[in-house]
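Enquirer: Structure in C-alpha cells, see below.
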Amino acid sequence: MKKQGEILVVGLGSGSEDSLTQEARQAIEESDVIIGYKTYTALIANVTAGKKVISSGMRKEVDRCHQALDLAEAGYKVALVSSGDPGIYGMAGIMLEVAQKRNRHIPIRVVPGVTAASIAAAVLGAPLMHDFAVISLSDLLTPWEKIRLRLELCAQADLIICLYNPRSHGRTQQLTEAWQILSKYKKPETPVGIVKNAGRPDQKADLTDLGSMLSVETGMSSVIIIGNQSTYIADGKMITPRGYVL
C-alpha cells in the first residue's frame with residue numbers, strides 16, 4: 001500500500017533561526033522534501049542539512065505548488081516553505097488553490113510563521129498597538145488603482161499603515177504616489193519607521209516622519225510603518241498608545 005503523502009506550508013519568519021518557530025522547525029525536520037524560493041531555502045540550510053531540497057527563482061510560485069502536489073501524491077511529506085507567515089502574502093493560498101484546481105485531496109497543513117510586520121514593529125518599539133492595515137505596493141498581482149483606493153481609505157480612517165514591497169529596481173513610482181495619498185490625510189510630523197531585512201543579521205532600522213519618509217533608502221526587503229494621529233517617538237522607540245488610562 002502506497003504511503004500517504006502530505007504538504008506542510010511552512011512560515012520561516014525572517015529566515016533566521018531565531019525567528020523560526022518550534023512548530024515550523026519540527027515541520028521541516030519531519031519532511032522528506034523541502035521546496036522553496038532559492039533565497040529562503042539558503043537561509044535555512046542548517047535546518048535542512050541531509051534532506052532533498054528543491055529551489056527555484058522568482059515568479060515560480062505556482063510551479064513550486066505543482067511540484068509539491070506531485071511529490072505528495074507519490075507518498076512524500078513535503079515542506080513548501082515561505083518567508084514570514086505563509087498565509088500573509090505567502091504560499092498557503094496558492095497551494096490550496098492549485099490543489100483545488102487539480103481536484104487533488106492531499107492533506108495540506110499550514111504552519112504559521114512570524115510575519116515581517118510583527119518583526120519590524122518589535123524592532124521599532126510598539127507602533128501597531130491599535131488598528132492597522134498591511135498593504136503591499138507591488139502591483140504585479142493587484143491593479144495599482146485598487147491599491148491606491150485602499151491607501152486612500154485607510155489613510156482617511158487614520159489607520160496605522162504598514163507597507164510591504166515599497167520599492168524595487170523596476171518599480172519606483174508607487175512609493176511616491178503612496179506618500180502623496182497618505183500626505184493628504186496624515187500630518188508631515190506623523191512618525192514613520194522603516195526596517196530593512198527585519199530579523200536578519202544585516203537588519204537596519206530608521207525612525208523618521210512622513211514629511212521626510214522618501215529620503216530614506218528603501219527596497220523590496222523594507223517594511224514601512226506609518227503611525228496614526230496618536231503615534232509618537234520617545235527614547236528611540238515608536239509608540240502608538242492603545243488608550244489605557246495611565
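Just so we're on the same page: first chain in the C-alpha cells is A, next is B, and so on; residues restart at 1 for each chain, and ligands are numbered from 1 in the order they show up.
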For region 3-12 of chain A, find every residue with an atom within 6 Å (counting only C-alpha atoms), except residues of its own chain fewer than 3 positions away, and show them as a list of chain:residue names.
Expert: A:Gly15, A:Leu20, A:Ala24, A:Ala72, A:Glu73, A:Gly75, A:Tyr76, A:Lys77, A:Val78, A:Ala79, A:Leu80, A:Val81, A:Ser82, A:Ser83, A:Gly84, A:Asp85, A:Pro86, A:Ala92, A:Pro107, A:Ile108, A:Arg109, A:Val110, A:Val111, A:Pro112, A:Gly113
Enquirer: Keeping N, CA, C and O atoms for every residue in the selection just given, could you write it to a file as an mmCIF file, in the first residue's frame?
Expert:
```cif
data_model
loop_
_atom_site.group_PDB
_atom_site.id
_atom_site.type_symbol
_atom_site.label_atom_id
_atom_site.label_comp_id
_atom_site.auth_asym_id
_atom_site.auth_seq_id
_atom_site.Cartn_x
_atom_site.Cartn_y
_atom_site.Cartn_z
ATOM 1 N N GLY A 15 13.578 34.195 8.340
ATOM 2 C CA GLY A 15 14.541 33.290 7.716
ATOM 3 C C GLY A 15 15.692 32.955 8.634
ATOM 4 O O GLY A 15 16.393 31.965 8.429
ATOM 5 N N LEU A 20 12.432 31.329 13.658
ATOM 6 C CA LEU A 20 11.771 30.096 13.233
ATOM 7 C C LEU A 20 11.067 29.492 14.444
ATOM 8 O O LEU A 20 11.700 29.192 15.457
ATOM 9 N N ALA A 24 7.419 25.271 13.193
ATOM 10 C CA ALA A 24 7.969 25.333 11.843
ATOM 11 C C ALA A 24 9.220 24.473 11.728
ATOM 12 O O ALA A 24 9.405 23.744 10.744
ATOM 13 N N ALA A 72 3.804 14.888 -3.088
ATOM 14 C CA ALA A 72 2.903 14.393 -2.046
ATOM 15 C C ALA A 72 2.061 13.236 -2.567
ATOM 16 O O ALA A 72 1.811 12.255 -1.847
ATOM 17 N N GLU A 73 1.634 13.317 -3.817
ATOM 18 C CA GLU A 73 0.858 12.225 -4.405
ATOM 19 C C GLU A 73 1.695 10.964 -4.550
ATOM 20 O O GLU A 73 1.162 9.850 -4.547
ATOM 21 N N GLY A 75 3.696 10.037 -2.303
ATOM 22 C CA GLY A 75 3.861 9.499 -0.961
ATOM 23 C C GLY A 75 4.833 10.231 -0.065
ATOM 24 O O GLY A 75 5.071 9.814 1.074
ATOM 25 N N TYR A 76 5.376 11.358 -0.526
ATOM 26 C CA TYR A 76 6.343 12.105 0.280
ATOM 27 C C TYR A 76 5.648 13.129 1.171
ATOM 28 O O TYR A 76 4.603 13.666 0.821
ATOM 29 N N LYS A 77 6.290 13.401 2.304
ATOM 30 C CA LYS A 77 5.876 14.542 3.126
ATOM 31 C C LYS A 77 6.704 15.734 2.672
ATOM 32 O O LYS A 77 7.942 15.701 2.750
ATOM 33 N N VAL A 78 6.042 16.776 2.195
ATOM 34 C CA VAL A 78 6.719 17.900 1.560
ATOM 35 C C VAL A 78 6.533 19.164 2.386
ATOM 36 O O VAL A 78 5.406 19.511 2.762
ATOM 37 N N ALA A 79 7.631 19.873 2.654
ATOM 38 C CA ALA A 79 7.557 21.187 3.293
ATOM 39 C C ALA A 79 7.722 22.238 2.210
ATOM 40 O O ALA A 79 8.786 22.348 1.587
ATOM 41 N N LEU A 80 6.651 22.982 1.938
ATOM 42 C CA LEU A 80 6.701 24.102 0.997
ATOM 43 C C LEU A 80 6.925 25.354 1.842
ATOM 44 O O LEU A 80 6.034 25.789 2.568
ATOM 45 N N VAL A 81 8.132 25.914 1.774
ATOM 46 C CA VAL A 81 8.495 26.975 2.705
ATOM 47 C C VAL A 81 8.208 28.352 2.110
ATOM 48 O O VAL A 81 8.255 28.563 0.901
ATOM 49 N N SER A 82 7.908 29.284 3.001
ATOM 50 C CA SER A 82 7.511 30.639 2.630
ATOM 51 C C SER A 82 8.063 31.581 3.687
ATOM 52 O O SER A 82 8.092 31.247 4.876
ATOM 53 N N SER A 83 8.510 32.758 3.283
ATOM 54 C CA SER A 83 9.004 33.706 4.287
ATOM 55 C C SER A 83 7.844 34.243 5.111
ATOM 56 O O SER A 83 6.682 34.198 4.700
ATOM 57 N N GLY A 84 8.163 34.771 6.279
ATOM 58 C CA GLY A 84 7.125 35.345 7.137
ATOM 59 C C GLY A 84 6.084 34.321 7.522
ATOM 60 O O GLY A 84 6.400 33.208 7.947
ATOM 61 N N ASP A 85 4.825 34.685 7.359
ATOM 62 C CA ASP A 85 3.715 33.768 7.592
ATOM 63 C C ASP A 85 3.168 33.350 6.227
ATOM 64 O O ASP A 85 2.876 34.223 5.397
ATOM 65 N N PRO A 86 2.999 32.053 5.960
ATOM 66 C CA PRO A 86 2.589 31.622 4.619
ATOM 67 C C PRO A 86 1.179 32.050 4.239
ATOM 68 O O PRO A 86 0.816 32.043 3.062
ATOM 69 N N ALA A 92 0.534 29.790 1.184
ATOM 70 C CA ALA A 92 -0.600 28.961 1.623
ATOM 71 C C ALA A 92 -1.781 29.042 0.662
ATOM 72 O O ALA A 92 -2.344 28.017 0.255
ATOM 73 N N PRO A 107 -3.648 15.817 1.994
ATOM 74 C CA PRO A 107 -3.676 16.647 3.213
ATOM 75 C C PRO A 107 -2.702 17.821 3.104
ATOM 76 O O PRO A 107 -1.542 17.636 2.734
ATOM 77 N N ILE A 108 -3.195 19.007 3.392
ATOM 78 C CA ILE A 108 -2.357 20.214 3.379
ATOM 79 C C ILE A 108 -2.518 20.911 4.719
ATOM 80 O O ILE A 108 -3.636 21.222 5.129
ATOM 81 N N ARG A 109 -1.394 21.157 5.394
ATOM 82 C CA ARG A 109 -1.439 21.828 6.695
ATOM 83 C C ARG A 109 -0.612 23.106 6.631
ATOM 84 O O ARG A 109 0.531 23.095 6.157
ATOM 85 N N VAL A 110 -1.187 24.201 7.075
ATOM 86 C CA VAL A 110 -0.489 25.488 7.098
ATOM 87 C C VAL A 110 0.170 25.674 8.461
ATOM 88 O O VAL A 110 -0.497 25.609 9.496
ATOM 89 N N VAL A 111 1.473 25.885 8.449
ATOM 90 C CA VAL A 111 2.243 26.094 9.680
ATOM 91 C C VAL A 111 2.597 27.575 9.756
ATOM 92 O O VAL A 111 3.405 28.068 8.963
ATOM 93 N N PRO A 112 1.997 28.313 10.684
ATOM 94 C CA PRO A 112 2.197 29.771 10.703
ATOM 95 C C PRO A 112 3.626 30.184 11.041
ATOM 96 O O PRO A 112 4.384 29.423 11.650
ATOM 97 N N GLY A 113 3.959 31.396 10.623
ATOM 98 C CA GLY A 113 5.263 31.969 10.942
ATOM 99 C C GLY A 113 5.092 33.410 11.375
ATOM 100 O O GLY A 113 3.983 33.953 11.368
#
```
Enquirer: Counting only C-alpha atoms, which residues of region 149-193 of chain A sit at most 9 Å from some atom of region 199-218 of chain A, and what is each one's closest atom pair with its distance in Å to one decimal, listed by chain and rising residue number, as CSV?
Expert:
```
residue,atom,partner,partner_atom,distance
A:Pro166,CA,A:Thr218,CA,7.1
A:Arg167,CA,A:Thr218,CA,6.5
A:Ser168,CA,A:Thr218,CA,8.4
A:Leu175,CA,A:Leu214,CA,8.0
A:Thr176,CA,A:Leu214,CA,7.3
A:Trp179,CA,A:Leu210,CA,7.8
A:Leu182,CA,A:Leu210,CA,8.4
A:Ser183,CA,A:Leu210,CA,7.4
A:Lys186,CA,A:Leu210,CA,7.9
A:Lys187,CA,A:Leu210,CA,7.3
A:Pro188,CA,A:Gly211,CA,4.3
A:Glu189,CA,A:Asp209,CA,5.3
A:Thr190,CA,A:Asp209,CA,5.3
A:Pro191,CA,A:Asp209,CA,4.3
A:Val192,CA,A:Asp209,CA,4.7
A:Gly193,CA,A:Leu207,CA,4.7
```
Enquirer: Store the residues picked out above in a file with all heavy atoms, as a tab-separated table (two decimals), in the first residue's frame.
Expert:
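Dumped everything to again25.tsv:
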```
chain	number	residue	atom	x	y	z
A	166	PRO	N	7.73	48.10	-0.81
A	166	PRO	CA	7.54	49.51	-1.17
A	166	PRO	C	8.20	49.93	-2.48
A	166	PRO	O	7.71	50.83	-3.16
A	166	PRO	CB	8.14	50.27	0.02
A	166	PRO	CG	9.11	49.31	0.61
A	166	PRO	CD	8.53	47.95	0.42
A	167	ARG	N	9.32	49.28	-2.82
A	167	ARG	CA	10.05	49.75	-3.99
A	167	ARG	C	10.97	48.63	-4.50
A	167	ARG	O	11.48	47.84	-3.71
A	167	ARG	CB	10.88	50.98	-3.60
A	167	ARG	CG	11.64	51.64	-4.72
A	167	ARG	CD	12.42	52.83	-4.20
A	167	ARG	NE	11.63	54.05	-4.14
A	167	ARG	CZ	11.91	55.10	-3.39
A	167	ARG	NH1	12.95	55.06	-2.57
A	167	ARG	NH2	11.16	56.18	-3.42
A	168	SER	N	11.14	48.57	-5.81
A	168	SER	CA	12.10	47.62	-6.39
A	168	SER	C	12.86	48.33	-7.49
A	168	SER	O	12.58	49.50	-7.80
A	168	SER	CB	11.37	46.39	-6.95
A	168	SER	OG	10.59	46.75	-8.08
A	175	LEU	N	5.81	54.12	-4.52
A	175	LEU	CA	6.01	54.63	-3.16
A	175	LEU	C	5.77	56.14	-3.11
A	175	LEU	O	5.17	56.65	-2.16
A	175	LEU	CB	7.41	54.29	-2.65
A	175	LEU	CG	7.71	54.74	-1.22
A	175	LEU	CD1	6.73	54.13	-0.22
A	175	LEU	CD2	9.15	54.40	-0.84
A	176	THR	N	6.21	56.85	-4.14
A	176	THR	CA	5.97	58.29	-4.21
A	176	THR	C	4.48	58.59	-4.27
A	176	THR	O	3.98	59.49	-3.57
A	176	THR	CB	6.69	58.90	-5.42
A	176	THR	OG1	8.09	58.66	-5.32
A	176	THR	CG2	6.44	60.40	-5.51
A	179	TRP	N	2.94	57.95	-0.90
A	179	TRP	CA	3.26	59.06	0.01
A	179	TRP	C	2.36	60.26	-0.26
A	179	TRP	O	1.87	60.90	0.68
A	179	TRP	CB	4.73	59.44	-0.17
A	179	TRP	CG	5.15	60.63	0.64
A	179	TRP	CD1	5.50	60.66	1.96
A	179	TRP	CD2	5.24	61.97	0.15
A	179	TRP	NE1	5.81	61.94	2.34
A	179	TRP	CE2	5.67	62.77	1.25
A	179	TRP	CE3	5.02	62.58	-1.08
A	179	TRP	CZ2	5.86	64.13	1.12
A	179	TRP	CZ3	5.22	63.94	-1.21
A	179	TRP	CH2	5.64	64.70	-0.10
A	182	LEU	N	-1.08	59.45	1.27
A	182	LEU	CA	-1.06	59.49	2.73
A	182	LEU	C	-0.92	60.91	3.25
A	182	LEU	O	-1.49	61.28	4.28
A	182	LEU	CB	0.07	58.61	3.26
A	182	LEU	CG	0.02	57.12	2.90
A	182	LEU	CD1	1.22	56.39	3.47
A	182	LEU	CD2	-1.27	56.49	3.38
A	183	SER	N	-0.17	61.73	2.51
A	183	SER	CA	0.09	63.11	2.94
A	183	SER	C	-1.16	63.98	2.88
A	183	SER	O	-1.20	65.05	3.49
A	183	SER	CB	1.20	63.73	2.09
A	183	SER	OG	2.42	63.03	2.29
A	186	LYS	N	-2.60	62.58	6.55
A	186	LYS	CA	-1.74	62.49	7.72
A	186	LYS	C	-0.76	63.66	7.74
A	186	LYS	O	-0.28	64.10	6.68
A	186	LYS	CB	-0.96	61.15	7.70
A	186	LYS	CG	-1.85	59.92	7.89
A	186	LYS	CD	-1.04	58.64	7.82
A	186	LYS	CE	-1.89	57.40	8.04
A	186	LYS	NZ	-2.28	57.21	9.45
A	187	LYS	N	-0.47	64.17	8.93
A	187	LYS	CA	0.41	65.33	9.07
A	187	LYS	C	1.86	64.96	8.73
A	187	LYS	O	2.27	63.82	8.92
A	187	LYS	CB	0.33	65.86	10.49
A	187	LYS	CG	-1.05	66.38	10.88
A	187	LYS	CD	-1.06	66.84	12.32
A	187	LYS	CE	-2.45	67.36	12.72
A	187	LYS	NZ	-2.49	67.79	14.14
A	188	PRO	N	2.65	65.94	8.27
A	188	PRO	CA	4.05	65.67	7.92
A	188	PRO	C	4.86	65.13	9.10
A	188	PRO	O	5.82	64.37	8.90
A	188	PRO	CB	4.58	67.04	7.48
A	188	PRO	CG	3.37	67.81	7.10
A	188	PRO	CD	2.26	67.33	7.97
A	189	GLU	N	4.47	65.50	10.33
A	189	GLU	CA	5.22	65.05	11.51
A	189	GLU	C	4.77	63.67	12.00
A	189	GLU	O	5.27	63.17	13.02
A	189	GLU	CB	5.10	66.07	12.64
A	189	GLU	CG	3.69	66.36	13.10
A	189	GLU	CD	3.06	67.54	12.39
A	189	GLU	OE1	3.46	67.84	11.23
A	189	GLU	OE2	2.16	68.17	12.99
A	190	THR	N	3.87	63.02	11.28
A	190	THR	CA	3.45	61.66	11.66
A	190	THR	C	4.66	60.74	11.70
A	190	THR	O	5.41	60.64	10.72
A	190	THR	CB	2.44	61.11	10.64
A	190	THR	OG1	1.30	61.97	10.58
A	190	THR	CG2	1.99	59.71	11.03
A	191	PRO	N	4.91	60.04	12.81
A	191	PRO	CA	6.08	59.15	12.90
A	191	PRO	C	6.04	58.02	11.88
A	191	PRO	O	4.97	57.45	11.59
A	191	PRO	CB	6.00	58.61	14.32
A	191	PRO	CG	5.24	59.65	15.08
A	191	PRO	CD	4.22	60.15	14.11
A	192	VAL	N	7.20	57.72	11.34
A	192	VAL	CA	7.35	56.62	10.38
A	192	VAL	C	8.58	55.81	10.78
A	192	VAL	O	9.63	56.36	11.09
A	192	VAL	CB	7.52	57.15	8.94
A	192	VAL	CG1	7.87	56.02	7.98
A	192	VAL	CG2	6.27	57.88	8.48
A	193	GLY	N	8.43	54.50	10.76
A	193	GLY	CA	9.56	53.60	11.00
A	193	GLY	C	9.80	52.76	9.76
A	193	GLY	O	8.86	52.27	9.15
```
Enquirer: As a PyMOL selection string, please: every residue in region 79-234 of chain A that a backbone DSSP assignment puts in alpha helix (DSSP H).
Expert: chain A and resi 92-101+116-124+144-156+173-183
Enquirer: Identify, on the basis of only C-alpha atoms, every residue whose closest approach to Ile161 (chain A) does not exceed 12 Å; exclude the query and any residue fewer than 6 positions from it along the same chain; express the result as number ranges by chain.
Expert: A: 117, 121, 127-137, 150-155, 178-179, 182, 186, 190-194, 210, 223-229, 231, 240
Enquirer: Give the strand (DSSP E or B) residues of region 149-219 of chain A, as DSSP finds them on the backbone, and put them as JSON, numbers by chain.
Expert: {"A": [160, 161, 162, 163, 164, 168, 171, 191, 192, 193, 194, 195, 196, 204, 205, 206, 207, 208, 209]}
